[in-house]
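Undergrad: Here you go, this is final_27.csv (CSV, C-alpha atoms and all ligand atoms).
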```
chain,number,residue,atom,x,y,z
A,366,MET,CA,28.5,17.4,1.1
A,367,THR,CA,25.2,16.0,0.1
A,368,THR,CA,23.9,13.6,2.7
A,369,ILE,CA,20.6,11.8,3.2
A,370,THR,CA,20.2,13.8,6.4
A,371,ASN,CA,20.5,17.2,4.6
A,372,ILE,CA,18.2,16.2,1.7
A,373,MET,CA,15.5,14.6,3.8
A,374,ALA,CA,15.6,17.4,6.5
A,375,ASN,CA,15.0,19.9,3.7
A,376,SER,CA,12.1,17.9,2.5
A,377,HIS,CA,10.7,17.8,6.1
A,378,ALA,CA,11.0,21.6,6.1
A,379,SER,CA,9.0,22.0,2.8
A,380,CYS,CA,6.2,19.7,4.2
A,381,ASP,CA,6.2,21.6,7.5
A,382,GLU,CA,5.9,24.9,5.6
A,383,LEU,CA,2.9,23.7,3.6
A,384,LEU,CA,1.2,22.4,6.7
A,385,ALA,CA,1.7,25.7,8.5
A,386,ASN,CA,0.2,27.5,5.5
A,387,ALA,CA,-2.7,25.1,5.6
A,388,GLU,CA,-3.3,25.9,9.3
A,389,ASN,CA,-3.2,29.7,8.7
A,390,LEU,CA,-5.7,29.3,5.8
A,391,ALA,CA,-8.0,27.3,8.0
A,392,VAL,CA,-7.9,30.0,10.6
A,393,ASP,CA,-8.9,32.5,7.9
A,394,GLN,CA,-11.5,30.1,6.5
A,395,ASN,CA,-10.0,30.5,3.1
A,396,TRP,CA,-11.4,27.1,1.9
A,397,GLN,CA,-10.6,27.5,-1.7
A,398,LYS,CA,-6.9,28.3,-1.2
A,399,LEU,CA,-6.7,25.8,1.7
A,400,THR,CA,-7.8,23.0,-0.7
A,401,ALA,CA,-5.0,23.7,-3.1
A,402,VAL,CA,-2.4,24.0,-0.3
A,403,PHE,CA,-3.6,20.9,1.4
A,404,GLU,CA,-3.3,18.9,-1.8
A,405,SER,CA,0.3,20.1,-2.3
A,406,PHE,CA,1.0,19.1,1.3
A,407,VAL,CA,-0.4,15.6,0.7
A,408,GLU,CA,1.5,15.2,-2.5
A,409,GLU,CA,4.9,16.3,-1.0
A,410,THR,CA,4.3,14.1,2.1
A,411,GLU,CA,3.4,11.0,0.1
A,412,LYS,CA,6.5,11.5,-2.1
A,413,HIS,CA,8.6,11.8,1.0
A,414,PHE,CA,7.1,8.7,2.6
A,415,ARG,CA,7.6,6.8,-0.6
A,416,ASN,CA,11.3,7.8,-0.7
A,417,GLU,CA,11.6,6.5,2.8
A,418,GLU,CA,9.5,3.3,2.6
A,419,GLU,CA,10.6,2.2,-0.9
A,420,ILE,CA,14.2,3.4,-1.1
A,421,LEU,CA,15.7,4.3,2.3
A,422,PHE,CA,14.1,1.9,4.8
A,423,PRO,CA,14.8,-1.3,2.8
A,424,LYS,CA,18.5,-0.4,3.0
A,425,THR,CA,18.4,-1.3,6.7
A,426,GLU,CA,17.1,-4.8,6.1
A,427,GLY,CA,19.4,-7.4,7.5
A,428,ILE,CA,21.3,-4.7,9.3
A,429,LEU,CA,18.9,-3.3,11.9
A,430,PRO,CA,16.9,-5.8,14.0
A,431,PRO,CA,13.3,-6.4,12.8
A,432,GLY,CA,10.7,-4.5,14.9
A,433,GLY,CA,13.3,-1.8,15.5
A,434,PRO,CA,13.2,1.9,14.6
A,435,VAL,CA,12.1,1.4,11.0
A,436,GLU,CA,9.0,-0.4,12.1
A,437,VAL,CA,8.2,2.5,14.5
A,438,MET,CA,8.6,5.0,11.6
A,439,LYS,CA,6.3,2.9,9.3
A,440,TYR,CA,3.7,2.8,12.1
A,441,GLU,CA,3.9,6.5,12.5
A,442,HIS,CA,3.5,7.0,8.7
A,443,ARG,CA,0.2,5.0,9.0
A,444,GLN,CA,-0.9,7.3,11.9
A,445,MET,CA,-0.1,10.4,9.8
A,446,ARG,CA,-2.0,9.0,6.8
A,447,ASP,CA,-5.0,8.4,9.0
A,448,LEU,CA,-4.9,12.0,10.3
A,449,ILE,CA,-4.5,13.3,6.7
A,450,GLY,CA,-7.6,11.2,5.8
A,451,ASN,CA,-9.5,12.9,8.7
A,452,LEU,CA,-8.4,16.3,7.5
A,453,ARG,CA,-9.6,15.7,4.0
A,454,GLU,CA,-13.0,14.7,5.4
A,455,GLN,CA,-13.2,17.9,7.5
A,456,LEU,CA,-12.1,20.0,4.6
A,457,GLY,CA,-14.9,18.5,2.5
A,458,LYS,CA,-17.4,19.5,5.2
A,459,GLN,CA,-15.7,22.9,5.8
A,460,ASP,CA,-15.5,22.0,9.5
A,461,GLN,CA,-13.1,24.6,10.8
A,462,ALA,CA,-12.9,23.4,14.4
A,463,GLY,CA,-12.5,19.8,13.4
A,464,PHE,CA,-9.8,20.6,10.9
A,465,LEU,CA,-7.8,22.8,13.3
A,466,GLY,CA,-8.0,20.2,16.1
A,467,GLU,CA,-6.8,17.4,13.8
A,468,ILE,CA,-4.0,19.5,12.2
A,469,GLU,CA,-2.7,20.3,15.7
A,470,THR,CA,-2.3,16.6,16.4
A,471,LEU,CA,-0.6,16.1,13.0
A,472,VAL,CA,1.8,18.9,13.6
A,473,ILE,CA,2.9,17.4,16.9
A,474,LEU,CA,3.2,13.9,15.6
A,475,MET,CA,5.2,15.1,12.5
A,476,GLN,CA,7.6,17.2,14.7
A,477,GLN,CA,8.4,14.2,16.9
A,478,HIS,CA,8.6,11.8,13.9
A,479,ASN,CA,10.9,14.1,11.9
A,480,MET,CA,13.1,14.8,14.9
A,481,LYS,CA,13.7,11.0,15.4
A,482,GLU,CA,14.6,10.6,11.7
A,483,GLU,CA,16.8,13.6,11.5
A,484,GLN,CA,18.7,12.9,14.8
A,485,ILE,CA,18.9,9.1,14.6
A,486,LEU,CA,17.7,7.3,11.5
A,487,TYR,CA,19.2,9.5,8.7
A,488,PRO,CA,22.6,9.9,10.3
A,489,MET,CA,22.7,6.2,10.8
A,490,LEU,CA,21.8,5.6,7.1
A,491,ASP,CA,24.5,8.1,6.0
A,492,GLN,CA,27.0,6.2,8.1
A,493,LEU,CA,25.8,2.8,7.1
A,494,LEU,CA,25.7,3.5,3.3
A,495,SER,CA,28.9,5.6,3.4
A,496,GLU,CA,30.2,5.8,-0.2
A,497,ASP,CA,26.9,4.5,-1.6
A,498,VAL,CA,25.0,7.6,-0.3
A,499,GLY,CA,25.2,9.3,-3.7
A,500,THR,CA,23.8,6.4,-5.6
A,501,VAL,CA,20.9,6.0,-3.1
A,502,ILE,CA,20.1,9.7,-3.3
A,503,GLU,CA,19.9,9.3,-7.1
A,504,GLU,CA,17.3,6.5,-6.7
A,505,MET,CA,15.0,8.8,-4.8
A,506,ASP,CA,12.3,11.0,-6.4
A,507,LEU,CA,13.5,14.5,-5.5
A,508,THR,CA,11.4,16.5,-7.9
A,601,FE,FE,9.2,9.2,8.0
A,602,FE,FE,10.9,11.8,7.0
```
Show how you would write the structure in this file as structure tokens.
Ligand SMILES: [Fe+2]
Ligand SMILES: [Fe+2]
TA:
Amino acid sequence: MTTITNIMANSHASCDELLANAENLAVDQNWQKLTAVFESFVEETEKHFRNEEEILFPKTEGILPPGGPVEVMKYEHRQMRDLIGNLREQLGKQDQAGFLGEIETLVILMQQHNMKEEQILYPMLDQLLSEDVGTVIEEMDLT
């Protein structure tokens, strides 16, 4: 059965893979390929965040208390966007040590964030939306 949990966990896995590739390319100082992989990572991550912020999170309005888990997730998206901005800056300067240090922080933050969504928020949405899950999935950009 197609669920929000399955679809979004797969999307997390794609983003994780791109970030791991970026880390390896930074270790190899392959700046040209790293730039391309980094941009794909940013694009995939932004699409994922948009699906959450514009489609999924609003479905909890009036159901979950304000200031609850969704606010925490939105705050963590901001933190991740800040880290992505720093990474872009270091990539521009070809600062290997800076890039690798920042990417390590992002990997840890993403792991913790994604685990909370996969174990708590997405299953809650699947349950909450119940027979409307299919319609909500159709609203998302899954290209
Ligand atoms: Fe998220
Ligand atoms: Fe997510």
Undergrad: Collect all residues with atoms no farther than 9 Å from ligand FE 601 (chain A), counting only C-alpha atoms and all ligand atoms, and output them as a list in words.
TA: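 Listed by chain and ascending number, the contacts are His377, His413, Phe414, Glu417, Glu418, Val435, Met438, Lys439, Glu441, His442, Met475, His478, Asn479, Lys481 and Glu482 of chain A.
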Undergrad: With C-alpha atoms retained, write the just-selected residues as a PDB file, in the frame of the given file.
TA:
```
ATOM      1  CA  HIS A 377      10.700  17.800   6.100  1.00  0.00           C
ATOM      2  CA  HIS A 413       8.600  11.800   1.000  1.00  0.00           C
ATOM      3  CA  PHE A 414       7.100   8.700   2.600  1.00  0.00           C
ATOM      4  CA  GLU A 417      11.600   6.500   2.800  1.00  0.00           C
ATOM      5  CA  GLU A 418       9.500   3.300   2.600  1.00  0.00           C
ATOM      6  CA  VAL A 435      12.100   1.400  11.000  1.00  0.00           C
ATOM      7  CA  MET A 438       8.600   5.000  11.600  1.00  0.00           C
ATOM      8  CA  LYS A 439       6.300   2.900   9.300  1.00  0.00           C
ATOM      9  CA  GLU A 441       3.900   6.500  12.500  1.00  0.00           C
ATOM     10  CA  HIS A 442       3.500   7.000   8.700  1.00  0.00           C
ATOM     11  CA  MET A 475       5.200  15.100  12.500  1.00  0.00           C
ATOM     12  CA  HIS A 478       8.600  11.800  13.900  1.00  0.00           C
ATOM     13  CA  ASN A 479      10.900  14.100  11.900  1.00  0.00           C
ATOM     14  CA  LYS A 481      13.700  11.000  15.400  1.00  0.00           C
ATOM     15  CA  GLU A 482      14.600  10.600  11.700  1.00  0.00           C
TER      16      GLU A 482
END
```
Undergrad: Which is closest to ligand FE 602 (chain A) among A:Leu421, A:Ala385, A:Leu452, A:Val407, if we use all atoms listed in the file?
TA: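 Selected residue with least distance to ligand FE 602 (chain A): A:Leu421.
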Undergrad: My list of candidates is A:Arg415, A:Asn451, A:Arg446, A:Lys424. Which is closest to Asp497 in chain A when distances are computed with only C-alpha atoms?
TA: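 Using only C-alpha atoms, the shortest distance to Asp497 in chain A belongs to A:Lys424.
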Undergrad: Need to verify the contact set: range 396-402 of chain A, 10 Å, only C-alpha atoms, exclusion of same-chain residues closer than 5 positions in sequence. Can you return it as JSON, numbers by chain?
TA: {"A": [383, 384, 385, 386, 387, 388, 389, 390, 391, 407, 408, 453, 456, 457, 459, 461]}
Undergrad: Could you please determine the separation between CA of Thr508 in chain A and CA of Phe406 in chain A in Å, to one decimal place?
TA: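 Taking CA of Thr508 in chain A as the start and CA of Phe406 in chain A as the end point, the length is 14.1 Å.
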Undergrad: Just checking: using all atoms listed in the file, which residue out of A:Met489, A:Leu471, A:Met480, A:Ala378 ends up closest to Gly450 in chain A?
TA: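 Smallest separation from Gly450 in chain A among the options: A:Leu471.
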Undergrad: Pick from A:Gln455, A:Thr368, A:Thr425, A:Asn375: nearest to ligand FE 602 (chain A), with only C-alpha atoms and all ligand atoms counted?
TA: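 Looking at the shortest contact to ligand FE 602 (chain A), the residue is A:Asn375.
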Undergrad: Quick one: of A:Met373, A:Val392, A:Met366, A:Leu486, who's nearest to ligand FE 602 (chain A), counting all atoms listed in the file?
TA: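 That would be A:Met373, the residue with the smallest distance to ligand FE 602 (chain A).
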Undergrad: Using all atoms listed in the file, pick whichever of A:Asn371, A:Ser376, A:Asn395, A:Thr470 has the shortest atom-to-atom distance to ligand FE 602 (chain A).
TA: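 Comparing A:Asn371, A:Ser376, A:Asn395, A:Thr470 against ligand FE 602 (chain A), the winner is A:Ser376.
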Undergrad: Rounded to one decimal, what separation in Å do you get between CA of Ile372 in chain A and CA of Gln484 in chain A?
TA: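 Computing it gives 13.5 Å between the two atoms.
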Undergrad: Which residues come within 9 Å of Glu504 in chain A, counting all atoms listed in the file, excluding same-chain residues fewer than 5 positions away, as an NGL selection string?
TA: :A and (416 or 420 or 499)
Undergrad: In Å, how far is it from CA of Val472 in chain A to CA of Ser379 in chain A?
TA: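 Pair CA of Val472 in chain A / CA of Ser379 in chain A returns 13.3 Å.
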